[in-house]
Each structure stands twice: as C-alpha cells, then as structure tokens.
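Have a look at coords-v5.cif; it's mmCIF, N, CA and C atoms and all ligand atoms:
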data_work
#
loop_
_atom_site.label_atom_id
_atom_site.label_comp_id
_atom_site.auth_asym_id
_atom_site.auth_seq_id
_atom_site.Cartn_x
_atom_site.Cartn_y
_atom_site.Cartn_z
N MET A 1 5.52 14.82 -7.21
CA MET A 1 5.57 13.79 -8.27
C MET A 1 5.09 14.40 -9.59
N SER A 2 5.88 14.25 -10.63
CA SER A 2 5.49 14.78 -11.94
C SER A 2 4.35 13.96 -12.53
N LYS A 3 3.71 14.52 -13.55
CA LYS A 3 2.61 13.81 -14.21
C LYS A 3 3.14 12.50 -14.79
N TYR A 4 4.34 12.57 -15.36
CA TYR A 4 4.96 11.39 -15.94
C TYR A 4 5.14 10.30 -14.88
N GLU A 5 5.68 10.69 -13.73
CA GLU A 5 5.87 9.73 -12.64
C GLU A 5 4.55 9.15 -12.16
N ALA A 6 3.55 10.03 -12.09
CA ALA A 6 2.23 9.58 -11.64
C ALA A 6 1.67 8.55 -12.59
N GLU A 7 1.89 8.75 -13.88
CA GLU A 7 1.40 7.77 -14.87
C GLU A 7 2.12 6.45 -14.74
N LYS A 8 3.43 6.51 -14.54
CA LYS A 8 4.22 5.28 -14.35
C LYS A 8 3.72 4.52 -13.13
N ARG A 9 3.49 5.26 -12.06
CA ARG A 9 3.04 4.66 -10.82
C ARG A 9 1.68 3.97 -11.05
N PHE A 10 0.81 4.68 -11.80
CA PHE A 10 -0.51 4.13 -12.08
C PHE A 10 -0.40 2.85 -12.90
N GLN A 11 0.49 2.86 -13.88
CA GLN A 11 0.72 1.65 -14.70
C GLN A 11 1.11 0.46 -13.84
N LEU A 12 2.03 0.71 -12.92
CA LEU A 12 2.51 -0.37 -12.07
C LEU A 12 1.39 -0.87 -11.15
N ILE A 13 0.61 0.05 -10.64
CA ILE A 13 -0.51 -0.33 -9.78
C ILE A 13 -1.52 -1.16 -10.56
N GLU A 14 -1.81 -0.74 -11.80
CA GLU A 14 -2.74 -1.50 -12.63
C GLU A 14 -2.20 -2.91 -12.89
N PHE A 15 -0.91 -2.99 -13.19
CA PHE A 15 -0.29 -4.28 -13.47
C PHE A 15 -0.43 -5.22 -12.27
N LEU A 16 -0.32 -4.66 -11.08
CA LEU A 16 -0.37 -5.49 -9.87
C LEU A 16 -1.79 -5.73 -9.38
N GLY A 17 -2.76 -5.39 -10.20
CA GLY A 17 -4.13 -5.73 -9.85
C GLY A 17 -5.04 -4.53 -9.63
N GLY A 18 -4.45 -3.37 -9.41
CA GLY A 18 -5.24 -2.15 -9.35
C GLY A 18 -6.15 -2.00 -8.14
N ARG A 19 -5.99 -2.84 -7.16
CA ARG A 19 -6.78 -2.67 -5.94
C ARG A 19 -6.02 -3.20 -4.74
N CYS A 20 -6.46 -2.80 -3.58
CA CYS A 20 -5.82 -3.25 -2.35
C CYS A 20 -5.89 -4.77 -2.27
N SER A 21 -4.76 -5.41 -1.95
CA SER A 21 -4.74 -6.87 -1.94
C SER A 21 -4.82 -7.44 -0.53
N CYS A 22 -5.20 -6.62 0.42
CA CYS A 22 -5.28 -7.10 1.80
C CYS A 22 -6.40 -8.13 1.93
N PRO A 23 -6.08 -9.32 2.44
CA PRO A 23 -7.09 -10.38 2.57
C PRO A 23 -8.02 -10.10 3.74
N PRO A 24 -9.14 -10.83 3.81
CA PRO A 24 -10.01 -10.69 4.97
C PRO A 24 -9.20 -11.06 6.21
N SER A 25 -9.26 -10.25 7.23
CA SER A 25 -8.51 -10.60 8.42
C SER A 25 -9.09 -9.88 9.62
N GLY A 26 -9.07 -10.57 10.75
CA GLY A 26 -9.67 -10.04 11.95
C GLY A 26 -9.04 -8.78 12.47
N ASP A 27 -7.75 -8.58 12.15
CA ASP A 27 -7.09 -7.44 12.77
C ASP A 27 -6.90 -6.26 11.83
N CYS A 28 -7.62 -6.24 10.72
CA CYS A 28 -7.57 -5.06 9.87
C CYS A 28 -8.90 -4.31 9.99
N TRP A 29 -9.00 -3.16 9.34
CA TRP A 29 -10.17 -2.31 9.54
C TRP A 29 -11.40 -2.78 8.77
N HIS A 30 -11.20 -3.68 7.80
CA HIS A 30 -12.31 -4.19 7.00
C HIS A 30 -12.59 -5.62 7.41
N GLU A 31 -13.79 -6.12 7.10
CA GLU A 31 -14.12 -7.47 7.54
C GLU A 31 -13.97 -8.51 6.44
N SER A 32 -14.52 -8.24 5.25
CA SER A 32 -14.17 -9.12 4.14
C SER A 32 -12.95 -8.51 3.45
N SER A 33 -12.51 -9.10 2.32
CA SER A 33 -11.27 -8.55 1.76
C SER A 33 -11.46 -7.09 1.37
N CYS A 34 -10.37 -6.34 1.46
CA CYS A 34 -10.43 -4.90 1.23
C CYS A 34 -10.66 -4.64 -0.26
N ARG A 35 -11.60 -3.76 -0.57
CA ARG A 35 -11.90 -3.56 -1.99
C ARG A 35 -11.55 -2.15 -2.48
N VAL A 36 -10.69 -1.49 -1.76
CA VAL A 36 -10.33 -0.13 -2.18
C VAL A 36 -9.58 -0.17 -3.51
N TYR A 37 -10.09 0.52 -4.51
CA TYR A 37 -9.36 0.55 -5.78
C TYR A 37 -9.20 1.97 -6.33
N ASP A 38 -9.47 2.96 -5.52
CA ASP A 38 -9.19 4.34 -5.90
C ASP A 38 -7.68 4.56 -5.81
N ASP A 39 -7.05 4.81 -6.94
CA ASP A 39 -5.57 4.82 -6.93
C ASP A 39 -4.99 5.97 -6.10
N ARG A 40 -5.81 6.95 -5.74
CA ARG A 40 -5.32 8.00 -4.85
C ARG A 40 -5.08 7.46 -3.45
N CYS A 41 -5.75 6.35 -3.11
CA CYS A 41 -5.61 5.76 -1.77
C CYS A 41 -4.68 4.57 -1.78
N LEU A 42 -4.18 4.19 -2.95
CA LEU A 42 -3.38 2.97 -3.04
C LEU A 42 -1.89 3.27 -2.95
N GLN A 43 -1.17 2.34 -2.36
CA GLN A 43 0.27 2.50 -2.23
C GLN A 43 0.96 1.22 -2.64
N LEU A 44 2.16 1.37 -3.19
CA LEU A 44 2.98 0.21 -3.51
C LEU A 44 3.70 -0.20 -2.24
N ASP A 45 3.56 -1.47 -1.89
CA ASP A 45 4.15 -1.94 -0.64
C ASP A 45 5.09 -3.10 -0.92
N HIS A 46 6.24 -3.09 -0.27
CA HIS A 46 7.15 -4.23 -0.39
C HIS A 46 6.67 -5.34 0.52
N ILE A 47 6.38 -6.49 -0.07
CA ILE A 47 5.77 -7.59 0.66
C ILE A 47 6.58 -7.94 1.90
N ASN A 48 7.89 -7.99 1.77
CA ASN A 48 8.72 -8.39 2.91
C ASN A 48 9.40 -7.21 3.58
N GLY A 49 8.82 -6.02 3.47
CA GLY A 49 9.44 -4.84 4.08
C GLY A 49 10.68 -4.41 3.30
N GLY A 50 11.51 -3.59 3.93
CA GLY A 50 12.74 -3.17 3.27
C GLY A 50 12.53 -2.18 2.16
N GLY A 51 11.41 -1.49 2.18
CA GLY A 51 11.08 -0.54 1.12
C GLY A 51 12.05 0.61 0.99
N SER A 52 12.44 1.21 2.12
CA SER A 52 13.30 2.38 2.03
C SER A 52 14.69 1.97 1.55
N LEU A 53 15.13 0.80 1.98
CA LEU A 53 16.42 0.28 1.54
C LEU A 53 16.42 0.08 0.03
N ASP A 54 15.34 -0.53 -0.44
CA ASP A 54 15.18 -0.80 -1.86
C ASP A 54 15.17 0.50 -2.66
N ALA A 55 14.39 1.47 -2.18
CA ALA A 55 14.28 2.75 -2.88
C ALA A 55 15.64 3.43 -2.95
N ARG A 56 16.38 3.35 -1.85
CA ARG A 56 17.69 3.98 -1.81
C ARG A 56 18.61 3.35 -2.85
N ARG A 57 18.58 2.04 -2.87
CA ARG A 57 19.47 1.32 -3.78
C ARG A 57 19.17 1.70 -5.23
N ARG A 58 17.88 1.96 -5.49
CA ARG A 58 17.50 2.23 -6.86
C ARG A 58 17.41 3.73 -7.14
N GLY A 59 17.78 4.56 -6.16
CA GLY A 59 17.84 5.99 -6.38
C GLY A 59 16.51 6.70 -6.29
N GLY A 60 15.69 6.34 -5.29
CA GLY A 60 14.45 7.08 -5.05
C GLY A 60 13.23 6.36 -5.61
N ASN A 61 12.07 6.87 -5.22
CA ASN A 61 10.80 6.22 -5.53
C ASN A 61 10.52 6.16 -7.04
N GLY A 62 10.80 7.27 -7.74
CA GLY A 62 10.57 7.33 -9.18
C GLY A 62 11.41 6.28 -9.89
N GLN A 63 12.66 6.18 -9.46
CA GLN A 63 13.57 5.18 -10.02
C GLN A 63 13.08 3.77 -9.75
N MET A 64 12.58 3.58 -8.54
CA MET A 64 12.09 2.27 -8.16
C MET A 64 10.94 1.84 -9.08
N ILE A 65 10.03 2.78 -9.33
CA ILE A 65 8.88 2.46 -10.19
C ILE A 65 9.34 2.16 -11.61
N ALA A 66 10.26 2.99 -12.11
CA ALA A 66 10.79 2.75 -13.46
C ALA A 66 11.47 1.39 -13.53
N TYR A 67 12.21 1.06 -12.47
CA TYR A 67 12.90 -0.23 -12.43
C TYR A 67 11.89 -1.38 -12.50
N TYR A 68 10.88 -1.32 -11.66
CA TYR A 68 9.94 -2.44 -11.61
C TYR A 68 9.10 -2.54 -12.88
N LEU A 69 8.86 -1.41 -13.55
CA LEU A 69 8.13 -1.48 -14.82
C LEU A 69 8.94 -2.24 -15.87
N LYS A 70 10.24 -2.23 -15.73
CA LYS A 70 11.09 -2.98 -16.66
C LYS A 70 11.30 -4.41 -16.19
N HIS A 71 11.00 -4.68 -14.94
CA HIS A 71 11.20 -6.02 -14.38
C HIS A 71 9.91 -6.47 -13.72
N LEU A 72 8.91 -6.74 -14.56
CA LEU A 72 7.57 -6.98 -14.02
C LEU A 72 7.47 -8.26 -13.19
N ASP A 73 8.27 -9.26 -13.55
CA ASP A 73 8.21 -10.49 -12.75
C ASP A 73 8.74 -10.24 -11.35
N GLU A 74 9.76 -9.42 -11.26
CA GLU A 74 10.27 -9.03 -9.94
C GLU A 74 9.24 -8.22 -9.17
N ALA A 75 8.57 -7.35 -9.90
CA ALA A 75 7.53 -6.53 -9.28
C ALA A 75 6.47 -7.43 -8.66
N ARG A 76 6.06 -8.45 -9.43
CA ARG A 76 5.02 -9.35 -8.94
C ARG A 76 5.49 -10.11 -7.69
N ARG A 77 6.78 -10.42 -7.66
CA ARG A 77 7.32 -11.13 -6.49
C ARG A 77 7.46 -10.23 -5.27
N ASN A 78 7.89 -9.00 -5.49
CA ASN A 78 8.29 -8.15 -4.36
C ASN A 78 7.25 -7.15 -3.90
N LEU A 79 6.32 -6.79 -4.79
CA LEU A 79 5.41 -5.71 -4.44
C LEU A 79 3.98 -6.19 -4.32
N GLN A 80 3.22 -5.48 -3.51
CA GLN A 80 1.78 -5.68 -3.50
C GLN A 80 1.14 -4.30 -3.38
N ILE A 81 -0.14 -4.26 -3.69
CA ILE A 81 -0.87 -3.00 -3.56
C ILE A 81 -1.62 -3.02 -2.24
N LEU A 82 -1.42 -1.99 -1.47
CA LEU A 82 -2.22 -1.84 -0.26
C LEU A 82 -2.83 -0.44 -0.27
N CYS A 83 -4.05 -0.31 0.26
CA CYS A 83 -4.57 1.03 0.43
C CYS A 83 -3.90 1.64 1.66
N ALA A 84 -4.02 2.95 1.80
CA ALA A 84 -3.31 3.64 2.88
C ALA A 84 -3.68 3.06 4.24
N ASN A 85 -4.96 2.76 4.44
CA ASN A 85 -5.38 2.24 5.74
C ASN A 85 -4.72 0.91 6.05
N CYS A 86 -4.75 0.00 5.07
CA CYS A 86 -4.18 -1.33 5.30
C CYS A 86 -2.67 -1.24 5.48
N ASN A 87 -2.04 -0.31 4.76
CA ASN A 87 -0.61 -0.14 4.90
C ASN A 87 -0.26 0.30 6.33
N TRP A 88 -1.06 1.21 6.88
CA TRP A 88 -0.82 1.63 8.26
C TRP A 88 -0.99 0.48 9.24
N VAL A 89 -2.02 -0.33 8.99
CA VAL A 89 -2.26 -1.47 9.89
C VAL A 89 -1.07 -2.43 9.82
N LYS A 90 -0.57 -2.65 8.59
CA LYS A 90 0.58 -3.53 8.43
C LYS A 90 1.80 -2.96 9.16
N ARG A 91 2.00 -1.65 9.01
CA ARG A 91 3.13 -1.02 9.70
C ARG A 91 3.01 -1.16 11.21
N ASP A 92 1.77 -1.03 11.68
CA ASP A 92 1.55 -1.17 13.12
C ASP A 92 1.90 -2.58 13.56
N ARG A 93 1.46 -3.55 12.77
CA ARG A 93 1.75 -4.95 13.07
C ARG A 93 3.26 -5.16 13.12
N ASN A 94 3.98 -4.49 12.22
CA ASN A 94 5.45 -4.65 12.19
C ASN A 94 6.15 -3.66 13.10
N LYS A 95 5.37 -2.96 13.92
CA LYS A 95 5.92 -2.00 14.88
C LYS A 95 6.77 -0.92 14.20
N GLU A 96 6.21 -0.37 13.13
CA GLU A 96 6.95 0.68 12.43
C GLU A 96 6.34 2.06 12.68
N VAL A 97 5.39 2.16 13.60
CA VAL A 97 4.72 3.45 13.78
C VAL A 97 5.05 4.09 15.13
N GLY A 98 4.97 5.40 15.18
CA GLY A 98 5.19 6.16 16.41
C GLY A 98 3.88 6.37 17.16
N THR A 99 3.96 7.13 18.25
CA THR A 99 2.82 7.24 19.16
C THR A 99 1.61 7.96 18.56
N ALA A 100 1.85 9.09 17.92
CA ALA A 100 0.74 9.86 17.36
C ALA A 100 0.02 9.04 16.30
N GLN A 101 0.81 8.36 15.49
CA GLN A 101 0.22 7.53 14.44
C GLN A 101 -0.57 6.37 15.06
N ARG A 102 -0.02 5.82 16.14
CA ARG A 102 -0.70 4.72 16.79
C ARG A 102 -2.06 5.15 17.35
N ARG A 103 -2.09 6.37 17.93
CA ARG A 103 -3.35 6.89 18.46
C ARG A 103 -4.39 6.98 17.35
N TRP A 104 -3.96 7.52 16.20
CA TRP A 104 -4.86 7.69 15.06
C TRP A 104 -5.36 6.33 14.59
N LEU A 105 -4.43 5.36 14.56
CA LEU A 105 -4.75 4.02 14.08
C LEU A 105 -5.72 3.31 15.02
N ASN A 106 -5.46 3.42 16.32
CA ASN A 106 -6.36 2.79 17.28
C ASN A 106 -7.77 3.34 17.14
N ASN A 107 -7.83 4.64 16.92
CA ASN A 107 -9.11 5.29 16.72
C ASN A 107 -9.81 4.70 15.48
N LEU A 108 -9.05 4.56 14.42
CA LEU A 108 -9.57 4.00 13.17
C LEU A 108 -10.09 2.59 13.39
N LEU A 109 -9.28 1.77 14.07
CA LEU A 109 -9.65 0.36 14.26
C LEU A 109 -10.85 0.23 15.19
N SER A 110 -10.93 1.10 16.18
CA SER A 110 -12.04 0.96 17.12
C SER A 110 -13.35 1.37 16.46
N ARG A 111 -13.29 2.30 15.53
CA ARG A 111 -14.52 2.69 14.84
C ARG A 111 -14.80 1.82 13.63
N LYS A 112 -13.73 1.13 13.12
CA LYS A 112 -13.86 0.35 11.88
C LYS A 112 -14.58 1.17 10.82
N ILE A 113 -14.18 2.41 10.65
CA ILE A 113 -14.90 3.41 9.83
C ILE A 113 -15.91 2.77 8.88
N GLU A 114 -17.13 3.08 9.18
CA GLU A 114 -18.30 2.47 8.51
C GLU A 114 -17.87 1.55 7.38
N LYS A 115 -17.77 0.30 7.74
CA LYS A 115 -17.24 -0.73 6.86
C LYS A 115 -17.32 -0.43 5.36
N GLY A 116 -16.15 -0.31 4.73
CA GLY A 116 -16.12 -0.17 3.29
C GLY A 116 -16.54 1.19 2.77
N SER A 117 -16.61 2.17 3.66
CA SER A 117 -17.08 3.49 3.23
C SER A 117 -16.09 4.15 2.26
N LEU A 118 -14.86 3.65 2.23
CA LEU A 118 -13.88 4.25 1.34
C LEU A 118 -14.02 3.74 -0.08
N THR A 119 -14.76 2.67 -0.25
CA THR A 119 -14.90 2.13 -1.60
C THR A 119 -16.03 2.86 -2.33
N PRO A 120 -15.83 3.15 -3.59
CA PRO A 120 -16.84 3.89 -4.34
C PRO A 120 -18.11 3.04 -4.55
ZN ZN A 201 -7.02 -1.98 1.96
ZN ZN A 202 -6.50 -4.53 5.33
#

Could you take the file, read its structure, and then write that structure out as structure tokens?
Ligand SMILES: [Zn+2]
Ligand SMILES: [Zn+2]
Amino acid sequence: MSKYEAEKRFQLIEFLGGRCSCPPSGDCWHESSCRVYDDRCLQLDHINGGGSLDARRRGGNGQMIAYYLKHLDEARRNLQILCANCNWVKRDRNKEVGTAQRRWLNNLLSRKIEKGSLTP
C-alpha cells in the first residue's frame, strides 16, 4: 500500500469513527465494547459481508477506499470499523475461516487475551 493509499484509508477510518465499533458481546474476545483505536489494528469491514465482491466491482481495495471517500453516506451505510481480532471473530461467526485460523481463534477466545491489553 502506498503512502497515499494509507492516508486515504486513514481518512476513511477517521470518518467512520476511528475505533473498533464492535459492541459488548458475550462471544467476542472483549467484555465491554471494544476500544481498539490504533489504526494499525483497524480494518474496514462490510457490514453485510460481500467485501471481496464489492472490491472486485470497484477495481481493488485502493479503488474501493477512493470510491467511499467520494460517497461518504454510502460508506456510513455499508462499512464499519473493526479491529483485526473482532473481524476474525465475525468471520468465524459467519463460517469464513479455515482450520488453522480457527485453532488460533479458539486459543485467543479461551485466553481472552488479558482484557483490553491491545488498547493503549
Ligand atoms: Zn475490536
Ligand atoms: Zn469484538
């Protein structure tokens, strides 16, 4: 990712709240709402799935970000910010993960990595 792309991505993340939007939930790794806001750990997630399809239609991830920066209301409707951990948990819930990833995830969930240790 070029510096330019990284800045665009950061802009979009800031626009969408700049932190993980995962609510408090019993089946995620955190107990109260997730407070990760380090943008190195944050990912743009399509609320209703279909991310790869969307990216393809728009010609790749960079294009997708450029598109949503021009269509912010659409961005607010379709995208949310999740940290990497919450994104994996969501994928697991939607059965989008393979075996090795599942092992790693189960390990993560069973330890609940010292609650909130990822937040600064
Ligand atoms: Zn999170
Ligand atoms: Zn979560």

For chain A against ligand ZN 202 (chain A), with a cut-off of 6.5 Å and counting only N, CA and C atoms and all ligand atoms, what is the closest atom pair and its distance in Å to one decimal for every residue that makes the cut, ordered by chain and number, as a tab-separated table?
residue	atom	partner	partner_atom	distance
A:Cys22	CA	A:ZN202	ZN	4.5
A:Pro23	N	A:ZN202	ZN	5.6
A:Cys28	CA	A:ZN202	ZN	4.7
A:Trp29	N	A:ZN202	ZN	4.9
A:His30	N	A:ZN202	ZN	5.4
A:Cys34	CA	A:ZN202	ZN	5.7
A:Asn85	C	A:ZN202	ZN	5.8
A:Cys86	CA	A:ZN202	ZN	4.0
A:Asn87	N	A:ZN202	ZN	6.2

Deliver the residues from the most recent selection as a file, using N, CA and C atoms, as a tab-separated table (two decimals), in the coordinates of the input.
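New file part17.tsv:
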chain	number	residue	atom	x	y	z
A	22	CYS	N	-5.20	-6.62	0.42
A	22	CYS	CA	-5.28	-7.10	1.80
A	22	CYS	C	-6.40	-8.13	1.93
A	23	PRO	N	-6.08	-9.32	2.44
A	23	PRO	CA	-7.09	-10.38	2.57
A	23	PRO	C	-8.02	-10.10	3.74
A	28	CYS	N	-7.62	-6.24	10.72
A	28	CYS	CA	-7.57	-5.06	9.87
A	28	CYS	C	-8.90	-4.31	9.99
A	29	TRP	N	-9.00	-3.16	9.34
A	29	TRP	CA	-10.17	-2.31	9.54
A	29	TRP	C	-11.40	-2.78	8.77
A	30	HIS	N	-11.20	-3.68	7.80
A	30	HIS	CA	-12.31	-4.19	7.00
A	30	HIS	C	-12.59	-5.62	7.41
A	34	CYS	N	-10.37	-6.34	1.46
A	34	CYS	CA	-10.43	-4.90	1.23
A	34	CYS	C	-10.66	-4.64	-0.26
A	85	ASN	N	-4.96	2.76	4.44
A	85	ASN	CA	-5.38	2.24	5.74
A	85	ASN	C	-4.72	0.91	6.05
A	86	CYS	N	-4.75	0.00	5.07
A	86	CYS	CA	-4.18	-1.33	5.30
A	86	CYS	C	-2.67	-1.24	5.48
A	87	ASN	N	-2.04	-0.31	4.76
A	87	ASN	CA	-0.61	-0.14	4.90
A	87	ASN	C	-0.26	0.30	6.33

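Comparing A:Ser33, A:Ser52, A:Leu105, A:Gly98 by their smallest distance to ligand ZN 201 (chain A), the closest is A:Ser33 (using only N, CA and C atoms and all ligand atoms).
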
Neighbours of range 65-79 of chain A within 7 Å (only C-alpha atoms; same-chain residues fewer than 3 positions away dropped), as a list in words?
Lys8, Arg9, Leu12, Leu16, Leu44, Asp45, His46, Ile47, Asn61 and Gly62 of chain A

Take the residues from that selection and put them in a file with N, CA and C atoms, as an mmCIF file, in the frame of the given file.
data_model
loop_
_atom_site.group_PDB
_atom_site.id
_atom_site.type_symbol
_atom_site.label_atom_id
_atom_site.label_comp_id
_atom_site.auth_asym_id
_atom_site.auth_seq_id
_atom_site.Cartn_x
_atom_site.Cartn_y
_atom_site.Cartn_z
ATOM 1 N N LYS A 8 3.430 6.510 -14.540
ATOM 2 C CA LYS A 8 4.220 5.280 -14.350
ATOM 3 C C LYS A 8 3.720 4.520 -13.130
ATOM 4 N N ARG A 9 3.490 5.260 -12.060
ATOM 5 C CA ARG A 9 3.040 4.660 -10.820
ATOM 6 C C ARG A 9 1.680 3.970 -11.050
ATOM 7 N N LEU A 12 2.030 0.710 -12.920
ATOM 8 C CA LEU A 12 2.510 -0.370 -12.070
ATOM 9 C C LEU A 12 1.390 -0.870 -11.150
ATOM 10 N N LEU A 16 -0.320 -4.660 -11.080
ATOM 11 C CA LEU A 16 -0.370 -5.490 -9.870
ATOM 12 C C LEU A 16 -1.790 -5.730 -9.380
ATOM 13 N N LEU A 44 2.160 1.370 -3.190
ATOM 14 C CA LEU A 44 2.980 0.210 -3.510
ATOM 15 C C LEU A 44 3.700 -0.200 -2.240
ATOM 16 N N ASP A 45 3.560 -1.470 -1.890
ATOM 17 C CA ASP A 45 4.150 -1.940 -0.640
ATOM 18 C C ASP A 45 5.090 -3.100 -0.920
ATOM 19 N N HIS A 46 6.240 -3.090 -0.270
ATOM 20 C CA HIS A 46 7.150 -4.230 -0.390
ATOM 21 C C HIS A 46 6.670 -5.340 0.520
ATOM 22 N N ILE A 47 6.380 -6.490 -0.070
ATOM 23 C CA ILE A 47 5.770 -7.590 0.660
ATOM 24 C C ILE A 47 6.580 -7.940 1.900
ATOM 25 N N ASN A 61 12.070 6.870 -5.220
ATOM 26 C CA ASN A 61 10.800 6.220 -5.530
ATOM 27 C C ASN A 61 10.520 6.160 -7.040
ATOM 28 N N GLY A 62 10.800 7.270 -7.740
ATOM 29 C CA GLY A 62 10.570 7.330 -9.180
ATOM 30 C C GLY A 62 11.410 6.280 -9.890
#

Mind listing the helix (DSSP H, G or I) residues of chain A, per DSSP on the backbone, as a count of residues only?
60

Report as a PyMOL selection string which protein, DNA and RNA residues come within 12 Å of ligand ZN 201 (chain A), using only C-alpha atoms and all ligand atoms.
chain A and resi 18-25+28-39+41-45+80-90+115-119

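The two atoms in question, CA of Asp92 in chain A and CA of Arg111 in chain A, are spaced 16.6 Å apart.
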
Can you measure CA of Ile13 in chain A to atom N of Arg40 in chain A for me? One decimal in Å is fine.
9.9 Å

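Distance annotation: of A:Glu7, A:Arg91, A:Asp27, A:Asn106, the residue with the minimal separation from Asn48 in chain A is A:Arg91; atom set is only C-alpha atoms.
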
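Atom to atom, atom N of Asn94 in chain A and atom N of Arg57 in chain A stand 22.0 Å apart.
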
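Note that DSSP on the backbone gives strand (DSSP E) to these residues of chain A: Leu42, Gln43, Leu44, Asp45, His46, Leu79, Gln80, Ile81, Leu82 and Cys83 of chain A.
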
Grab the residues selected above and save them as a compact mmCIF listing (two decimals), keeping the file's coordinate frame with N, CA and C atoms.
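Saved as selection-v2.txt:
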# COMPACT_ATOMS: atom_id res chain seq x y z
N LEU A 42 -4.18 4.19 -2.95
CA LEU A 42 -3.38 2.97 -3.04
C LEU A 42 -1.89 3.27 -2.95
N GLN A 43 -1.17 2.34 -2.36
CA GLN A 43 0.27 2.50 -2.23
C GLN A 43 0.96 1.22 -2.64
N LEU A 44 2.16 1.37 -3.19
CA LEU A 44 2.98 0.21 -3.51
C LEU A 44 3.70 -0.20 -2.24
N ASP A 45 3.56 -1.47 -1.89
CA ASP A 45 4.15 -1.94 -0.64
C ASP A 45 5.09 -3.10 -0.92
N HIS A 46 6.24 -3.09 -0.27
CA HIS A 46 7.15 -4.23 -0.39
C HIS A 46 6.67 -5.34 0.52
N LEU A 79 6.32 -6.79 -4.79
CA LEU A 79 5.41 -5.71 -4.44
C LEU A 79 3.98 -6.19 -4.32
N GLN A 80 3.22 -5.48 -3.51
CA GLN A 80 1.78 -5.68 -3.50
C GLN A 80 1.14 -4.30 -3.38
N ILE A 81 -0.14 -4.26 -3.69
CA ILE A 81 -0.87 -3.00 -3.56
C ILE A 81 -1.62 -3.02 -2.24
N LEU A 82 -1.42 -1.99 -1.47
CA LEU A 82 -2.22 -1.84 -0.26
C LEU A 82 -2.83 -0.44 -0.27
N CYS A 83 -4.05 -0.31 0.26
CA CYS A 83 -4.57 1.03 0.43
C CYS A 83 -3.90 1.64 1.66
